[in-house]
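Undergrad: File final_2.cif follows (mmCIF, C-alpha atoms and all ligand atoms):
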```cif
data_upload
loop_
_atom_site.label_atom_id
_atom_site.label_comp_id
_atom_site.auth_asym_id
_atom_site.auth_seq_id
_atom_site.Cartn_x
_atom_site.Cartn_y
_atom_site.Cartn_z
CA MET Y 459 115.77 136.36 10.10
CA MET Y 460 117.91 133.85 11.90
CA LYS Y 461 119.04 134.82 15.36
CA ASN Y 462 122.74 135.53 15.79
CA SER Y 463 124.60 132.84 17.64
CA ILE Y 464 126.54 134.34 20.50
CA THR Y 465 128.85 132.75 23.01
CA ARG Y 466 131.21 134.06 25.69
CA LEU Y 467 134.37 133.34 27.60
CA ALA Y 468 133.67 133.90 31.30
CA PRO Y 469 136.74 133.33 33.46
CA SER Y 470 136.65 133.80 37.23
CA PRO Y 471 139.75 135.67 38.39
CA THR Y 472 139.93 133.59 41.54
CA GLY Y 473 143.29 132.29 40.39
CA ALA Y 474 145.34 132.14 37.24
CA LEU Y 475 144.08 130.02 34.35
CA HIS Y 476 145.38 126.49 34.55
CA LEU Y 477 145.54 123.75 31.94
CA GLY Y 478 141.97 122.64 32.64
CA ASN Y 479 140.40 126.08 32.20
CA ALA Y 480 142.56 126.66 29.14
CA ARG Y 481 141.28 123.50 27.49
CA THR Y 482 137.62 124.47 28.00
CA PHE Y 483 138.19 128.01 26.74
CA LEU Y 484 140.14 126.75 23.74
CA LEU Y 485 137.30 124.37 22.79
CA ASN Y 486 134.82 127.21 23.19
CA GLY Y 487 136.96 129.37 20.90
CA LEU Y 488 137.36 126.64 18.26
CA LEU Y 489 133.67 125.81 18.26
CA ALA Y 490 132.75 129.49 17.96
CA LYS Y 491 135.09 130.11 15.03
CA GLN Y 492 134.01 126.95 13.28
CA GLN Y 493 130.31 127.68 13.70
CA GLY Y 494 130.56 131.42 13.03
CA TRP Y 495 129.32 132.43 16.48
CA ARG Y 496 130.07 135.86 17.89
CA MET Y 497 132.37 135.72 20.90
CA LEU Y 498 132.02 137.98 23.94
CA PHE Y 499 134.04 138.18 27.12
CA ARG Y 500 132.93 138.52 30.73
CA MET Y 501 134.98 138.76 33.91
CA GLU Y 502 133.20 136.88 36.69
CA ASP Y 503 134.68 138.72 39.63
CA LEU Y 504 131.88 138.53 42.19
CA ASP Y 505 133.55 136.12 44.52
CA GLY Y 506 135.17 138.85 46.63
CA PRO Y 507 137.50 137.07 49.03
CA ARG Y 508 138.67 134.55 46.44
CA ILE Y 509 139.60 137.10 43.75
CA LYS Y 510 143.35 137.36 43.16
CA ALA Y 511 144.80 140.74 42.24
CA GLY Y 512 145.95 140.78 38.64
CA ALA Y 513 144.30 137.47 37.73
CA ASP Y 514 141.88 139.30 35.41
CA GLU Y 515 144.62 140.87 33.28
CA GLN Y 516 146.59 137.63 33.34
CA ALA Y 517 143.58 135.63 32.10
CA ILE Y 518 143.09 138.02 29.20
CA ASP Y 519 146.76 137.82 28.32
CA ASP Y 520 146.84 134.01 28.54
CA LEU Y 521 143.74 133.65 26.37
CA HIS Y 522 145.12 135.97 23.70
CA TRP Y 523 148.34 133.99 23.80
CA LEU Y 524 146.38 130.81 23.09
CA GLY Y 525 144.95 132.49 19.98
CA LEU Y 526 141.50 133.40 21.28
CA ASP Y 527 139.82 136.69 20.51
CA TRP Y 528 136.50 138.37 21.22
CA GLU Y 529 134.51 141.52 20.67
CA GLY Y 530 134.89 144.24 23.27
CA PRO Y 531 134.20 145.64 25.70
CA VAL Y 532 134.95 143.21 28.51
CA VAL Y 533 131.91 142.98 30.78
CA VAL Y 534 132.87 143.12 34.45
CA GLN Y 535 130.33 141.65 36.84
CA SER Y 536 131.36 143.71 39.86
CA GLU Y 537 130.27 146.83 37.96
CA ARG Y 538 126.77 145.53 37.32
CA THR Y 539 125.20 145.21 40.75
CA ALA Y 540 122.29 147.53 39.87
CA LEU Y 541 121.16 145.18 37.10
CA TYR Y 542 121.29 142.14 39.37
CA GLN Y 543 119.49 144.11 42.07
CA ALA Y 544 116.64 144.83 39.65
CA ALA Y 545 116.29 141.12 38.91
CA LEU Y 546 116.23 140.39 42.63
CA GLU Y 547 113.42 142.96 43.13
CA ASN Y 548 111.51 141.25 40.36
CA LEU Y 549 111.83 137.87 42.08
CA ILE Y 550 110.85 139.32 45.44
CA GLU Y 551 107.78 140.96 43.95
CA SER Y 552 106.66 137.75 42.30
CA GLY Y 553 107.01 135.97 45.65
CA ASN Y 554 109.86 133.78 44.48
CA ALA Y 555 112.66 135.10 46.68
CA TYR Y 556 113.04 135.32 50.43
CA PRO Y 557 115.61 136.51 52.96
CA CYS Y 558 117.69 133.88 54.72
CA ILE Y 559 119.77 134.31 57.86
CA CYS Y 560 121.15 130.78 58.10
CA SER Y 561 124.90 130.51 58.43
CA ARG Y 562 126.83 128.04 56.31
CA LYS Y 563 127.47 125.98 59.41
CA GLU Y 564 123.77 125.75 60.28
CA ILE Y 565 122.94 124.65 56.76
CA GLU Y 566 125.67 122.03 56.72
CA GLN Y 567 124.38 120.64 59.98
CA ALA Y 568 120.82 120.49 58.68
CA ALA Y 569 121.65 119.21 55.20
CA SER Y 570 121.00 115.69 54.12
CA ALA Y 571 122.91 115.88 50.83
CA PRO Y 572 126.70 115.75 50.74
CA THR Y 573 128.75 118.83 50.10
CA THR Y 574 129.92 119.10 46.53
CA GLU Y 575 132.47 121.35 44.96
CA ASP Y 576 131.96 123.11 41.65
CA SER Y 577 133.76 125.83 39.77
CA THR Y 578 131.40 128.52 41.03
CA GLY Y 579 133.49 128.31 44.17
CA LEU Y 580 130.43 127.46 46.20
CA ASN Y 581 130.26 124.35 48.20
CA SER Y 582 126.69 123.73 47.34
CA VAL Y 583 124.94 122.17 50.23
CA GLN Y 584 121.29 121.26 49.94
CA TYR Y 585 119.29 123.96 51.67
CA PRO Y 586 116.53 122.50 53.85
CA GLY Y 587 114.27 125.56 53.52
CA THR Y 588 114.61 126.80 57.10
CA CYS Y 589 113.86 130.46 56.26
CA ARG Y 590 111.27 129.82 53.55
CA GLU Y 591 108.18 130.94 55.44
CA ARG Y 592 110.01 132.47 58.36
CA PHE Y 593 109.87 136.23 57.78
CA ASP Y 594 107.06 138.33 56.40
CA LYS Y 595 109.42 141.24 55.89
CA TYR Y 596 113.11 141.70 55.13
CA ASP Y 597 113.41 143.96 58.20
CA ASN Y 598 112.31 141.15 60.47
CA ALA Y 599 115.05 138.94 59.08
CA LEU Y 600 117.53 141.76 59.57
CA LYS Y 601 116.50 142.21 63.20
CA GLN Y 602 117.02 138.57 64.03
CA SER Y 603 120.57 138.32 62.81
CA ASP Y 604 123.83 140.10 63.44
CA ARG Y 605 124.66 140.19 59.73
CA PRO Y 606 122.56 141.15 56.71
CA PRO Y 607 120.39 138.36 55.27
CA ALA Y 608 121.12 136.64 51.97
CA TRP Y 609 118.34 136.03 49.43
CA ARG Y 610 117.23 132.63 48.19
CA VAL Y 611 114.98 131.64 45.32
CA HIS Y 612 112.22 129.06 45.65
CA VAL Y 613 112.73 125.89 43.68
CA ARG Y 614 109.97 123.46 42.78
CA ASN Y 615 109.72 119.78 43.30
CA GLU Y 616 109.81 118.99 39.58
CA ASN Y 617 112.32 117.89 36.99
CA ILE Y 618 114.09 120.46 34.87
CA ASN Y 619 115.00 118.74 31.63
CA PHE Y 620 117.29 119.87 28.88
CA VAL Y 621 119.40 118.28 26.20
CA ASP Y 622 123.04 119.22 26.45
CA GLN Y 623 124.67 119.37 22.99
CA PHE Y 624 127.65 117.44 24.29
CA ALA Y 625 126.62 115.66 27.48
CA GLY Y 626 123.18 114.55 26.20
CA PRO Y 627 119.80 114.57 28.00
CA GLN Y 628 119.81 115.92 31.55
CA SER Y 629 117.26 116.04 34.30
CA PHE Y 630 117.58 117.75 37.68
CA ASN Y 631 115.07 118.13 40.46
CA LEU Y 632 116.45 121.13 42.32
CA ALA Y 633 114.29 120.42 45.35
CA GLU Y 634 116.30 117.22 45.71
CA THR Y 635 119.72 118.66 44.88
CA SER Y 636 120.44 122.29 45.80
CA GLY Y 637 117.15 123.16 47.47
CA ASP Y 638 116.25 126.88 47.44
CA PHE Y 639 119.54 128.41 46.37
CA VAL Y 640 121.25 131.73 47.07
CA ILE Y 641 120.80 134.46 44.45
CA PHE Y 642 122.14 137.38 46.49
CA ARG Y 643 124.75 137.00 49.16
CA ASN Y 644 124.75 138.75 52.47
CA GLN Y 645 127.55 141.06 51.34
CA GLY Y 646 125.05 142.62 48.90
CA LEU Y 647 126.62 140.95 45.88
CA ALA Y 648 124.71 138.88 43.37
CA ALA Y 649 125.47 135.18 43.50
CA TYR Y 650 126.96 133.44 40.47
CA GLN Y 651 123.69 131.84 39.29
CA LEU Y 652 121.74 135.09 39.09
CA ALA Y 653 124.56 137.17 37.61
CA VAL Y 654 125.18 134.65 34.83
CA VAL Y 655 121.53 134.56 33.85
CA ILE Y 656 121.20 138.33 33.72
CA ASP Y 657 124.46 138.83 31.83
CA ASP Y 658 123.83 136.07 29.31
CA ALA Y 659 120.29 137.30 28.69
CA GLU Y 660 121.32 140.92 28.28
CA ALA Y 661 124.07 140.06 25.82
CA GLY Y 662 121.89 137.62 23.87
CA VAL Y 663 124.21 134.72 24.64
CA ASN Y 664 122.61 131.56 23.33
CA GLN Y 665 125.55 129.13 23.13
CA ILE Y 666 127.15 128.26 26.45
CA VAL Y 667 130.29 126.15 26.50
CA ARG Y 668 131.88 125.29 29.86
CA ALA Y 669 133.04 122.46 32.08
CA ASP Y 670 130.57 119.79 33.17
CA ASP Y 671 130.86 120.54 36.86
CA LEU Y 672 128.33 123.25 35.95
CA LEU Y 673 125.68 120.88 34.58
CA GLU Y 674 123.51 121.28 37.63
CA SER Y 675 124.07 125.03 37.50
CA ALA Y 676 122.50 124.96 34.04
CA ALA Y 677 119.29 123.63 35.61
CA MET Y 678 119.43 126.38 38.25
CA GLN Y 679 119.94 128.96 35.54
CA ILE Y 680 117.07 127.59 33.45
CA HIS Y 681 114.87 127.81 36.56
CA LEU Y 682 115.82 131.47 37.08
CA ARG Y 683 115.27 132.30 33.43
CA ARG Y 684 111.77 130.88 33.60
CA LEU Y 685 110.93 132.82 36.77
CA LEU Y 686 112.26 136.03 35.21
CA GLY Y 687 110.45 135.46 31.93
CA ILE Y 688 113.67 135.16 29.92
CA ASP Y 689 113.45 132.74 27.02
CA ASP Y 690 115.42 129.57 27.58
CA ASP Y 691 116.42 129.20 23.98
CA VAL Y 692 120.03 128.48 24.93
CA LYS Y 693 122.22 125.63 23.77
CA TYR Y 694 124.59 124.17 26.34
CA TYR Y 695 127.82 122.28 25.78
CA HIS Y 696 129.18 120.93 29.05
CA LEU Y 697 132.60 119.37 28.55
CA PRO Y 698 134.41 116.88 30.78
CA LEU Y 699 136.94 118.25 33.21
CA VAL Y 700 140.66 117.81 33.35
CA THR Y 701 141.56 116.05 36.60
CA GLY Y 702 144.69 115.21 38.51
CA PRO Y 703 145.86 111.59 38.85
CA ASP Y 704 143.59 111.33 41.92
CA GLY Y 705 140.52 111.91 39.75
CA ARG Y 706 139.73 115.26 41.33
CA LYS Y 707 139.27 118.43 39.31
CA LEU Y 708 142.64 119.96 38.38
CA ALA Y 709 143.62 122.53 41.02
CA LYS Y 710 146.49 123.80 43.13
CA ARG Y 711 146.65 120.52 45.00
CA HIS Y 712 148.07 118.96 41.80
CA GLY Y 713 151.00 121.39 41.66
CA ASP Y 714 151.45 124.48 39.56
CA THR Y 715 149.62 123.95 36.27
CA LYS Y 716 149.10 127.63 35.57
CA ILE Y 717 149.40 128.69 31.94
CA SER Y 718 151.41 131.71 33.06
CA THR Y 719 153.96 129.53 34.85
CA TYR Y 720 154.48 127.33 31.80
CA ARG Y 721 154.86 130.48 29.71
CA GLN Y 722 157.44 131.86 32.11
CA ASP Y 723 159.28 128.57 32.03
CA GLY Y 724 159.49 128.80 28.25
CA THR Y 725 156.66 126.55 27.01
CA SER Y 726 155.79 127.59 23.46
CA VAL Y 727 152.20 128.17 22.42
CA SER Y 728 152.58 125.42 19.83
CA ARG Y 729 153.33 122.90 22.58
CA MET Y 730 150.51 124.19 24.74
CA LEU Y 731 148.03 123.89 21.86
CA GLY Y 732 149.52 120.51 21.02
CA LEU Y 733 148.72 119.16 24.46
CA LEU Y 734 145.26 120.73 24.64
CA GLY Y 735 144.48 119.48 21.13
CA TYR Y 736 145.61 115.99 22.05
CA TRP Y 737 143.52 116.06 25.23
CA SER Y 738 140.56 117.11 23.10
CA GLY Y 739 140.82 114.20 20.69
CA GLN Y 740 141.85 116.47 17.82
CA LEU Y 741 145.44 115.17 17.58
CA GLU Y 742 146.53 111.56 17.74
CA ARG Y 743 149.59 112.34 19.78
CA ARG Y 744 151.10 115.27 21.61
CA GLU Y 745 152.68 117.33 18.86
CA GLU Y 746 153.31 120.99 18.23
CA THR Y 747 150.51 122.70 16.39
CA ASP Y 748 148.82 126.07 15.92
CA PHE Y 749 145.31 127.44 16.28
CA LYS Y 750 144.63 127.44 12.53
CA THR Y 751 145.55 123.80 12.16
CA LEU Y 752 143.35 122.81 15.08
CA LEU Y 753 140.49 124.86 13.67
CA ALA Y 754 140.77 123.36 10.20
CA LYS Y 755 140.21 119.84 11.50
CA PHE Y 756 138.10 120.62 14.55
CA ASP Y 757 135.38 118.08 15.27
CA ILE Y 758 133.59 118.30 18.59
CA SER Y 759 132.44 114.71 18.33
CA ARG Y 760 136.05 113.62 18.81
CA VAL Y 761 136.30 115.25 22.23
CA PRO Y 762 136.53 112.40 24.76
CA ARG Y 763 133.45 111.83 26.91
CA LYS Y 764 135.48 111.05 30.00
CA PRO Y 765 137.60 113.36 32.14
CA ILE Y 766 141.17 113.88 30.98
CA VAL Y 767 143.84 112.95 33.49
CA PHE Y 768 146.84 115.25 33.64
CA THR Y 769 150.02 113.13 33.75
CA GLN Y 770 153.79 113.48 34.10
CA GLU Y 771 154.12 112.88 30.33
CA ASP Y 772 151.88 115.90 29.69
CA ASP Y 773 154.06 118.06 31.87
CA ALA Y 774 157.23 116.71 30.23
CA PHE Y 775 155.85 117.46 26.75
CA LEU Y 776 155.05 121.05 27.72
CA ARG Y 777 158.56 121.49 29.04
CA GLY Y 778 160.03 120.15 25.79
N1 LIG E 1 133.21 131.62 35.64
C1 LIG E 1 132.95 130.23 35.50
C2 LIG E 1 134.25 129.46 35.49
O1 LIG E 1 135.32 130.06 35.34
C3 LIG E 1 132.23 129.91 34.22
C4 LIG E 1 130.80 130.20 34.35
C5 LIG E 1 130.00 129.99 33.09
O2 LIG E 1 130.56 129.74 32.02
O3 LIG E 1 128.79 130.11 33.19
O4 LIG E 1 134.22 128.28 35.67
#
```
Rewrite the structure from the file as structure tokens, please.
TA:
Amino acid sequence: MMKNSITRLAPSPTGALHLGNARTFLLNGLLAKQQGWRMLFRMEDLDGPRIKAGADEQAIDDLHWLGLDWEGPVVVQSERTALYQAALENLIESGNAYPCICSRKEIEQAASAPTTEDSTGLNSVQYPGTCRERFDKYDNALKQSDRPPAWRVHVRNENINFVDQFAGPQSFNLAETSGDFVIFRNQGLAAYQLAVVIDDAEAGVNQIVRADDLLESAAMQIHLRRLLGIDDDVKYYHLPLVTGPDGRKLAKRHGDTKISTYRQDGTSVSRMLGLLGYWSGQLERREETDFKTLLAKFDISRVPRKPIVFTQEDDAFLRG
């Protein structure tokens, strides 16, 4: 029997959905409907201090408004610590995880690679491996620090290769990029990379559609899957980002591009879909449309390969 194809929408309630997130989620929804994939929903709320109250409900409301739907129930990461903990134990037992007491500042000072920003909210700095062979026991790490240790996973000096369905062939040597990366943070919460792997595996997710600032994360996740003995029979579609005129990923610094703000200001869903469809190469110009129309002509190969730049004309179109 052929395996079900399953995908998911996985917003982080660290802020309201903006035009860039909306475009990625819309493309995920269109692709899923067109291909007959099942759609699940997961709230990625592990990033404690950055979570905004009410952003979870707002994201659900905005996504429904855009015409997206999914099977329930909504999976909430903050309720699943025990599962992530079990995976951590597994990695500790197999000798692949170790406690780390380095502060962010110490790592930044020791790092040779530049700091990069991705949508996991982590500034991923290459970890030089300071704590790798440092402690024979967790308790020793605990004793030497005034806060609880984090946990890191060993990476290998080898290429992790995969073919992205949209972005093409990829190759990452994690020893040269992230270094041993954090899988459990010192607040006792699973880090993004581990939580995603466990959740996707448990739900049978095998089609992952998201923005291409997570391409390297895919290699980290493949690495974790291999260490945990989870099959890596997953297809990835990493799509270009929407940026501001400065070429940086769309964010607050580019003004208020929240879906909820446009809605409040009276933007119709047909205009919103019209802009997102145009940005995605599905419409020749900005014009009002609906989900059904976009779906009927959807062709992923028409999605531009380069980042989309949000302009004044886009904003003016949304405001009618
Ligand atoms: N929560 C992530 C985001 O909002 C997506 C993570 C994923 O799809 O794996 O960018």
Undergrad: Grab the CA of Leu672 (chain Y) to CA of Leu753 (chain Y) distance for me, in Å with one decimal place.
TA: 25.4 Å
Undergrad: Go through chain Y residue by residue and, counting all atoms listed in the file, keep those with an atom at most 7 Å from ligand LIG 1 (chain E); for each kept residue give the shortest atom pair and its distance in Å to one decimal, ordered by chain and increasing number, as a Markdown table.
TA:
```
| residue | atom | partner | partner_atom | distance |
| --- | --- | --- | --- | --- |
| Y:Leu467 | CA | E:LIG1 | O2 | 6.9 |
| Y:Ala468 | CA | E:LIG1 | N1 | 4.9 |
| Y:Pro469 | CA | E:LIG1 | O1 | 4.0 |
| Y:Ser470 | CA | E:LIG1 | N1 | 4.4 |
| Y:Glu502 | CA | E:LIG1 | N1 | 5.4 |
| Y:Ser577 | CA | E:LIG1 | O4 | 4.8 |
| Y:Thr578 | CA | E:LIG1 | C1 | 6.0 |
| Y:Val654 | CA | E:LIG1 | O3 | 6.0 |
| Y:Ile666 | CA | E:LIG1 | O2 | 6.7 |
| Y:Val667 | CA | E:LIG1 | O2 | 6.6 |
| Y:Arg668 | CA | E:LIG1 | O2 | 5.1 |
| Y:Ala669 | CA | E:LIG1 | O4 | 6.9 |
```
Undergrad: Would you please work out which residue, of Y:Gly724, Y:Pro703, Y:Gly646, Y:Pro698, is nearest to Asn479 (chain Y) when using all atoms listed in the file?
TA: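 Smallest distance to Asn479 (chain Y) is found for Y:Pro698.
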Undergrad: Sort by chain and increasing residue number a table of all residues of region 612-731 of chain Y within 12 Å of region 508-526 of chain Y, each with its closest pair of atoms and their distance in Å to one decimal, counting only C-alpha atoms, and write it as a Markdown table.
TA:
```
| residue | atom | partner | partner_atom | distance |
| --- | --- | --- | --- | --- |
| Y:Lys716 | CA | Y:Asp520 | CA | 9.8 |
| Y:Ile717 | CA | Y:Asp520 | CA | 6.8 |
| Y:Ser718 | CA | Y:Asp520 | CA | 6.8 |
| Y:Thr719 | CA | Y:Asp520 | CA | 10.5 |
| Y:Tyr720 | CA | Y:Asp520 | CA | 10.7 |
| Y:Arg721 | CA | Y:Asp520 | CA | 8.8 |
| Y:Gln722 | CA | Y:Asp520 | CA | 11.4 |
| Y:Thr725 | CA | Y:Trp523 | CA | 11.6 |
| Y:Ser726 | CA | Y:Trp523 | CA | 9.8 |
| Y:Val727 | CA | Y:Leu524 | CA | 6.4 |
| Y:Ser728 | CA | Y:Leu524 | CA | 8.8 |
| Y:Arg729 | CA | Y:Leu524 | CA | 10.5 |
| Y:Met730 | CA | Y:Leu524 | CA | 8.0 |
| Y:Leu731 | CA | Y:Leu524 | CA | 7.2 |
```
Undergrad: Put those residues in a file: C-alpha atoms, as a tab-separated table (two decimals), in the frame of the given file.
TA:
```tsv
chain	number	residue	atom	x	y	z
Y	716	LYS	CA	149.10	127.63	35.57
Y	717	ILE	CA	149.40	128.69	31.94
Y	718	SER	CA	151.41	131.71	33.06
Y	719	THR	CA	153.96	129.53	34.85
Y	720	TYR	CA	154.48	127.33	31.80
Y	721	ARG	CA	154.86	130.48	29.71
Y	722	GLN	CA	157.44	131.86	32.11
Y	725	THR	CA	156.66	126.55	27.01
Y	726	SER	CA	155.79	127.59	23.46
Y	727	VAL	CA	152.20	128.17	22.42
Y	728	SER	CA	152.58	125.42	19.83
Y	729	ARG	CA	153.33	122.90	22.58
Y	730	MET	CA	150.51	124.19	24.74
Y	731	LEU	CA	148.03	123.89	21.86
```
Undergrad: Y:Gly687, Y:Pro762, Y:Gly739, Y:Pro531: which is nearest Ala625 (chain Y), counting all atoms listed in the file?
TA: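 The shortest atom-to-atom distance to Ala625 (chain Y) comes from Y:Pro762.
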